[in-house]
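**Student:** Here it is: the structure, laid out below.
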Amino acid sequence: IPLPGDREAMASALLVASSTMLFSGPPGSGKTTLARVIGQAYFGDGRERPDIATVNCHQDLTPFDLLYDLDLAALQQGREVVRPKPIVLARGKFLNEIPRAAGTLQTALLPLLSEREVNYRGARFSSPQYVCILDRNPADRASQDLAPAFLDRVDYGFLMPTPHLREALLIGAARRSSSR
């Protein structure tokens with residue numbers, strides 16, 4: 001749970017259409033768990049999967065892999081049919097470990113996070129109003145700095161403190177009970 005002063009800001013951020021939040025903190029501080037809880041609370045009804053798309057970023061993930069699907073059956077017939085992936089269409093977007101993504105991927109996300117659309121060879125795909133959650137571990141050696149243009153798209157940043165042992169045990173117990 002973010003620091004007490006950040007809780008009100010986070011609640012406000014969730015009410016702002018097309019906002020982007022960045023959770024920063026060490027492993028075990030609850031960044032991913034909080035993103036999942038927000039996904040269930042704001043984008044789910046308890047019966048179906050919540051309308052949140054999750055992507056685990058890594059250096060080999062390309063903009064095409066993240067944003068578009070190619071219809072292979074149409075391609076075999078000589079037509080190129082491209083559709084947007086769930087990260088474009090979902091109302092909840094979670095990009096886990098965003099600093100691990102290549103700079104080209106961060107650049108490809110800029111129009112999605114600012115204009116709510118992506119373009120592929122003249123085809124435009126629009127995103128609904130959304131809440132995007134990014135997370136990062138600032139001490140991760142596999143990560144790179146986020147580009148200034150990318151950071152400019154972040155509306156709210158939250159530092160997730162390292163939990164005390166008692167809190168870490170409660171988080172672990174909650175994870176075990178939710179996976180059953």
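Chains: A, B, ... in order of the structure tokens. Residues: from 1 per chain. Ligands: from 1, in order shown.
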For the structure I just gave you, how does DSSP split segment 54-127 of chain A - specifically, which residues are alpha helix (DSSP H)? Reply as a ChimeraX atom specification.
**Tutor:** /A:63-67,72-76,86-89,103-115
**Student:** Which residues in chain A does DSSP call strand (DSSP E)? List them as a ChimeraX atom specification.
**Tutor:** /A:19-24,52-56,68-70,82-84,92-96,117-120,123-126,131-136,156-159
**Student:** Using N, CA and C atoms, can you export the residues from the last selection as a compact mmCIF listing (two decimals), in the first residue's frame?
**Tutor:**
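Output below, filename out_24.txt:
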```
# COMPACT_ATOMS: atom_id res chain seq x y z
N SER A 19 -5.42 8.18 -17.59
CA SER A 19 -4.28 8.56 -16.76
C SER A 19 -3.26 7.42 -16.74
N THR A 20 -2.02 7.79 -16.51
CA THR A 20 -0.93 6.82 -16.44
C THR A 20 -0.24 6.97 -15.10
N MET A 21 -0.09 5.86 -14.39
CA MET A 21 0.57 5.85 -13.08
C MET A 21 1.82 5.00 -13.16
N LEU A 22 2.85 5.41 -12.45
CA LEU A 22 4.11 4.67 -12.39
C LEU A 22 4.38 4.30 -10.94
N PHE A 23 4.41 2.98 -10.67
CA PHE A 23 4.75 2.48 -9.35
C PHE A 23 6.23 2.15 -9.36
N SER A 24 6.99 2.70 -8.41
CA SER A 24 8.42 2.42 -8.29
C SER A 24 8.69 1.82 -6.93
N ILE A 52 -8.54 -5.77 -18.28
CA ILE A 52 -7.19 -5.24 -18.09
C ILE A 52 -6.23 -6.14 -18.86
N ALA A 53 -5.37 -5.52 -19.61
CA ALA A 53 -4.35 -6.25 -20.37
C ALA A 53 -3.01 -6.09 -19.64
N THR A 54 -2.31 -7.19 -19.46
CA THR A 54 -1.03 -7.18 -18.77
C THR A 54 0.07 -7.61 -19.73
N VAL A 55 1.16 -6.87 -19.72
CA VAL A 55 2.32 -7.20 -20.54
C VAL A 55 3.55 -7.18 -19.65
N ASN A 56 4.33 -8.25 -19.69
CA ASN A 56 5.61 -8.30 -19.00
C ASN A 56 6.68 -7.86 -19.99
N TYR A 68 0.11 -5.10 -32.09
CA TYR A 68 -0.66 -5.56 -33.25
C TYR A 68 -0.66 -7.08 -33.38
N ASP A 69 -1.74 -7.59 -33.97
CA ASP A 69 -1.86 -8.99 -34.37
C ASP A 69 -1.98 -9.05 -35.89
N LEU A 70 -1.29 -9.96 -36.50
CA LEU A 70 -1.35 -10.16 -37.94
C LEU A 70 -2.21 -11.39 -38.21
N VAL A 82 -4.28 -6.44 -40.15
CA VAL A 82 -3.68 -6.21 -38.86
C VAL A 82 -4.76 -5.72 -37.90
N ARG A 83 -4.74 -6.27 -36.69
CA ARG A 83 -5.69 -5.87 -35.65
C ARG A 83 -4.92 -5.42 -34.42
N PRO A 84 -5.53 -4.58 -33.59
CA PRO A 84 -4.84 -4.16 -32.36
C PRO A 84 -4.87 -5.27 -31.31
N GLY A 92 -8.06 -1.14 -18.83
CA GLY A 92 -6.97 -1.20 -17.88
C GLY A 92 -5.74 -1.74 -18.57
N LYS A 93 -4.64 -1.04 -18.43
CA LYS A 93 -3.38 -1.45 -19.07
C LYS A 93 -2.31 -1.56 -17.99
N PHE A 94 -1.61 -2.69 -17.92
CA PHE A 94 -0.54 -2.87 -16.95
C PHE A 94 0.70 -3.32 -17.67
N LEU A 95 1.73 -2.49 -17.64
CA LEU A 95 3.01 -2.80 -18.25
C LEU A 95 4.02 -3.04 -17.13
N ASN A 96 4.31 -4.31 -16.90
CA ASN A 96 5.18 -4.74 -15.82
C ASN A 96 6.64 -4.59 -16.22
N GLU A 117 -4.31 6.39 -29.30
CA GLU A 117 -4.38 5.65 -30.55
C GLU A 117 -3.00 5.22 -31.00
N VAL A 118 -2.98 4.20 -31.84
CA VAL A 118 -1.75 3.74 -32.47
C VAL A 118 -2.02 3.62 -33.96
N ASN A 119 -0.98 3.74 -34.75
CA ASN A 119 -1.10 3.68 -36.21
C ASN A 119 -0.18 2.60 -36.75
N TYR A 120 -0.69 1.88 -37.74
CA TYR A 120 0.13 0.91 -38.44
C TYR A 120 -0.13 1.05 -39.93
N ALA A 123 -3.35 2.64 -40.89
CA ALA A 123 -4.53 2.18 -40.16
C ALA A 123 -4.44 2.68 -38.73
N ARG A 124 -5.50 3.32 -38.26
CA ARG A 124 -5.53 3.85 -36.90
C ARG A 124 -6.41 2.98 -36.01
N PHE A 125 -5.89 2.69 -34.83
CA PHE A 125 -6.63 1.91 -33.85
C PHE A 125 -6.74 2.74 -32.58
N SER A 126 -7.97 2.96 -32.14
CA SER A 126 -8.21 3.81 -30.97
C SER A 126 -8.39 2.98 -29.72
N VAL A 131 -6.99 3.48 -17.72
CA VAL A 131 -6.01 3.74 -16.68
C VAL A 131 -4.84 2.81 -16.99
N CYS A 132 -3.67 3.38 -17.11
CA CYS A 132 -2.47 2.60 -17.42
C CYS A 132 -1.57 2.61 -16.18
N ILE A 133 -1.14 1.43 -15.79
CA ILE A 133 -0.23 1.29 -14.66
C ILE A 133 1.08 0.73 -15.18
N LEU A 134 2.15 1.42 -14.86
CA LEU A 134 3.50 0.99 -15.20
C LEU A 134 4.20 0.67 -13.89
N ASP A 135 5.12 -0.28 -13.91
CA ASP A 135 5.91 -0.46 -12.70
C ASP A 135 7.37 -0.64 -13.06
N ARG A 136 8.19 -0.32 -12.05
CA ARG A 136 9.64 -0.45 -12.23
C ARG A 136 10.31 -0.66 -10.89
N TYR A 156 1.02 10.35 -12.73
CA TYR A 156 1.20 10.18 -11.30
C TYR A 156 2.29 9.15 -11.04
N GLY A 157 3.18 9.45 -10.12
CA GLY A 157 4.22 8.50 -9.72
C GLY A 157 4.10 8.19 -8.24
N PHE A 158 4.27 6.93 -7.89
CA PHE A 158 4.15 6.50 -6.50
C PHE A 158 5.34 5.65 -6.12
N LEU A 159 5.96 5.98 -4.99
CA LEU A 159 7.05 5.19 -4.45
C LEU A 159 6.46 4.16 -3.51
```
**Student:** Between A:Gln40, A:Ser29, A:Gln77, A:Gln106, which has the minimum distance to Pro63 of chain A (counting only C-alpha atoms)?
**Tutor:**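 Between A:Gln40, A:Ser29, A:Gln77, A:Gln106, the residue approaching Pro63 of chain A most closely is A:Gln106.
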**Student:** Which distance in Å separates atom CA of Phe150 of chain A and atom CA of Leu113 of chain A, to one decimal?
**Tutor:**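 It comes out at 8.7 Å.
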**Student:** Give me the residues near Tyr42 of chain A as a PyMOL selection string, where near means some atom within 10 Å (using only C-alpha atoms) and where sequence neighbours in that chain fewer than 4 positions away do not count.
**Tutor:** chain A and resi 14-15+36-38+50-52+91-92+131
**Student:** Report, in Å with one decimal, the straight-line distance from atom CA of Leu109 of chain A to atom CA of Leu67 of chain A.
**Tutor:**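 If I compute the distance from atom CA of Leu109 of chain A to atom CA of Leu67 of chain A, I get 8.6 Å.
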**Student:** Interatomic distance between atom CA of His58 of chain A and atom CA of Pro86 of chain A?
**Tutor:**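 We find that atom CA of His58 of chain A and atom CA of Pro86 of chain A lie 17.7 Å from each other.
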**Student:** As a list in words, please: the residues near segment 144-149 of chain A (cut-off 9 Å, only C-alpha atoms, same-chain neighbours under 5 positions excluded).
**Tutor:** Ile98, Pro99, Arg100, Ala101, Ala102, Gly103, Gln106, Thr107, Leu110 and Pro138 of chain A
